[in-house]
Amino acid sequence: MQQVPSSRVLALLRRRAVLIAVGALALGGSALVFLPLFGVPGFELGLALAIAVGTLGGAWASPPPPRSAASSGGRTPAGRIFPGRNAQASRWRRPWAPRCCSTRRCSCPPFVSATLFALITTRCDPFELVGFYPLLTLPSAAMAACAGVLCGFWAQRPGRAVLAYAALVLTSGLLTAWPIVFGPQVYAFNHFLGHLPGPLYDEALKVTPRLAWFRLETLLVAAVLALLAAMSLELREGRLTRPRVGWGSGGLMLVLLGSIALMEAQAPALGLRMTEAYLSERLGGVRDTPHFRFHYPRGKPRQDVDRMVRDLEFRHAQLSRFLGKAPTETLHVYLYRSDEEKQELVGAGRTQFAKPWRYELHINERPFPHSSLHHELAHVMAAPAGSGPFRVTTRFGLWPLMGVIEGYAVAADDPIQGDLTLHQWAAGMRRQGLAPDMRGLMGTESFYQAAPTRAYTVAGSFIRYLADTYGSEKVRTLYAHADFPAAYGRSLDELATEWERFLDSLPLDEAALSRAFLRFRTGSLFTRTCAREVARLSEAAWSSLPGDPEDALKLYQRAAELQPEEPNYVIGQATALDQLDQTAEAAQVLARLAEKSQAQPALEAEVALKQADMALRLTQLDEARRHLERVLALAPSPELERTAQVKLSALDSPSRLETIERFFRDPREDMRLLRLAWALETAPKDPILHYLLGRRLHQVGEPSLAVEQLHRTLEASPPLSEALRRETLRLLVESSYLAGDCGAVRHEVGALPDFGPAFKMAATEWVARCDFEDGAFGGPLVPRRAFR
């Protein structure tokens, strides 16, 4: 490939507009390294430079004024590039070469700056996501240069050329937005501006084949523009005329256009664009209900589909009551087999999402009842109350106010997590000093600056408080534009202060406060060190742990090095060491972590439980007992409390010890069930063994058998602790519903002790399901049994 002479690049840079644009790209891009996530040459910096190159490409739009060839009769010395043509012609033939060269060169300073910044001031790997940088910036640079030259020759005047270039960028933006607005995808591709892989909450990014295919298409489109300019350029006057098609140029144009047409025809298969028809074909299954069209993976068991359909209709009825009304349109629900399939098809892996203006939502396969369905469906069903083209809360009809949008969905869902209600979690966060300010959260800027779990929880608690206190009608009025004075006759500050006083009045013990700190301690993506790299390391370590613990250990060590304040990576190291039969070393790692976590009771309890596991592995029974008793003394979460009690009971009964230790350690579900069954042959009235067997049967989809074991748990002696009894009753209610016995559900819920508001809310919802299904479906769903 022939090099572009430096004199031609320098001549281009003498033009004021070009010099300003190049300076803005080089210096502005370099300055970005001081912002969070931009300090490494990865996705964020590459995207910013691609947007800048694609936008400022208008500065390249007008070519230099032609030298008068007529004064010399069109005869100038022959050029090297096109033998037989004059040098002036050669200059016109390749005007985009210096523009491409200068664009590539101005993308180098930000790359170098980010690399040096990462190497000198951070411990981040500057090359973790380096593949994004050239894939995002260089094709956009080529596209900007070729499109700018074509616009310049066509317009002849700098102002008109810039307007023509801006029109091209705007048109490309409309083409990019079309499949997002009118189709199911959430990823974006733009030839000028680069690529957005999907929601911000999918933190672990990687270069995908779809990105490579699209950037190849960008280069093909740039080549078409360059060839069109070359075919249409009148050499003497430097302007475009009717294209002169020769055998070579015409054949090359056909090859380029044919390649682009072929890629566009296969766009859904290549991941460049997604359509409803292709998505429905890939999933395969469809079920219509009175309010929904449910798209599900082909091969999903019929009983599971029936269960999901009932769940959809039940949530629809719930939300209709909360919202005051429901949309009349058919709602589309897309269910995906896995995070990977959803990422491949629509561009959001772990993130569930809804498109209210299309009355559709996209969710991943989860255990029943689906943990995100209620929330995402609330987004869709709130569409009639929304504003703007996307039917959500907006400022001026276009700018979305995410605090109200997400807060409304969380409020409608009113989720129960652990043994605390939504308001209790928000109160605990507030007392720990972790709650973001509601006044900023409801505005236009602060929502994404806060950690997602914090922002969603406090916004949901605030909106739920308003709904319960002042009624759903006013919340529905608020949803359109977040105009608090119009909806309530009071300012946001007054309402937020009232809500804060309500939270401060809620009684919470120290254990609840500690659990709130443990749950909400992680900051937002923008505040964590090397956030993208650590997200990838964590995901890879978790995947490697079962089959390659040595690799998982290295990944966890690297993640802990980058974010030493995050204890989960140290716990991951200990787990990997234990998998490698280096249990003594794992115990030492946990002992060092335990010393650092003494000021955080919930974290200390989690570490102590892991220490007990290591002690059991080393047959240090007294040491294991000491750690388990420490867990219970710290009053941790119900999950940790139950696990500690089960393991402590194993120490009190040697016949249980081996069974329970292997139960927690063996990943094979069939062997776990078999070991419990064997143990019950020798201890048929052991309540702990019945509890564990009932719990596993419930989780593997055998509710009728689970009910039998759970009843035996409650009838056995000695009686269970309160924590285990509470969980047994919860499982019994849920298993009775799944077994199709609504009479048992009503009986069990009616006899429940007072275990707090969260437990009561969760239990009574199963009764509400039974009442709803009696009216809507003529009774509960009874599982089919073999050989009946």
# chains A, B, ... in the order shown; residues from 1 in each chain; ligands from 1

$ closest_atom_pairs --of "segment 606-725 of chain A" --to "segment 594-601 of chain A" --cutoff "10 Å" --atoms "only C-alpha atoms" --output "CSV"
residue,atom,partner,partner_atom,distance
A:Glu606,CA,A:Pro601,CA,8.6
A:Val607,CA,A:Ala594,CA,6.2
A:Ala608,CA,A:Ala594,CA,7.2
A:Gln611,CA,A:Ala594,CA,8.9
A:Val631,CA,A:Pro601,CA,9.0
A:Ala633,CA,A:Pro601,CA,9.6
A:Leu634,CA,A:Pro601,CA,5.9
A:Ala635,CA,A:Pro601,CA,8.1
A:Pro636,CA,A:Pro601,CA,7.3

$ write_last_selection --atoms "C-alpha atoms" --output "tab-separated table (two decimals), in the first residue's frame"
chain	number	residue	atom	x	y	z
A	606	GLU	CA	-20.63	-14.84	56.07
A	607	VAL	CA	-16.88	-15.29	56.51
A	608	ALA	CA	-17.35	-17.27	59.74
A	611	GLN	CA	-14.43	-20.78	58.04
A	631	VAL	CA	-22.46	-16.91	63.04
A	633	ALA	CA	-24.32	-14.76	67.72
A	634	LEU	CA	-23.96	-12.15	64.99
A	635	ALA	CA	-27.69	-12.51	64.06
A	636	PRO	CA	-27.06	-12.61	60.28

$ select_by_dssp --residues "segment 257-380 of chain A" --states "alpha helix (DSSP H)" --output "ChimeraX atom specification"
/A:257-265,267-270,276-283,302-323,339-346,373-380

$ closest_atom_pairs --of "segment 647-723 of chain A" --to "segment 538-555 of chain A" --cutoff "12 Å" --atoms "only C-alpha atoms" --output "tab-separated table"
residue	atom	partner	partner_atom	distance
A:Arg665	CA	A:Pro546	CA	11.6
A:Asp666	CA	A:Pro546	CA	11.1
A:Pro667	CA	A:Pro546	CA	9.0
A:Arg668	CA	A:Pro546	CA	11.7

$ closest_residue --among "A:Ala144, A:Met671, A:Leu170, A:Leu729" --to "Arg696 of chain A" --atoms "only C-alpha atoms"
A:Met671

$ residues_around --residues "Arg307 of chain A" --least-positions-apart "2" --cutoff "12 Å" --atoms "only C-alpha atoms" --output "ChimeraX atom specification"
/A:287,294,300-305,309-314,367-370,737-740,769,773,777,780-783

$ closest_residue --among "A:Arg501, A:His627, A:Leu689, A:Glu566" --to "Thr522 of chain A" --atoms "only C-alpha atoms"
A:Glu566

$ select_by_dssp --residues "segment 300-419 of chain A" --states "strand (DSSP E or B)" --output "list in words"
Leu331, His332, Val333, Tyr334, Leu335, Tyr336, Phe353, Ala354, Lys355, Glu360, Leu361, His362, Ile363, Asn364, Ser387, Val392, Thr394, Arg395, Trp399, Pro400 and Gln417 of chain A

$ closest_residue --among "A:Arg244, A:Gly198, A:Met263, A:Glu341" --to "Leu283 of chain A" --atoms "only C-alpha atoms"
A:Glu341
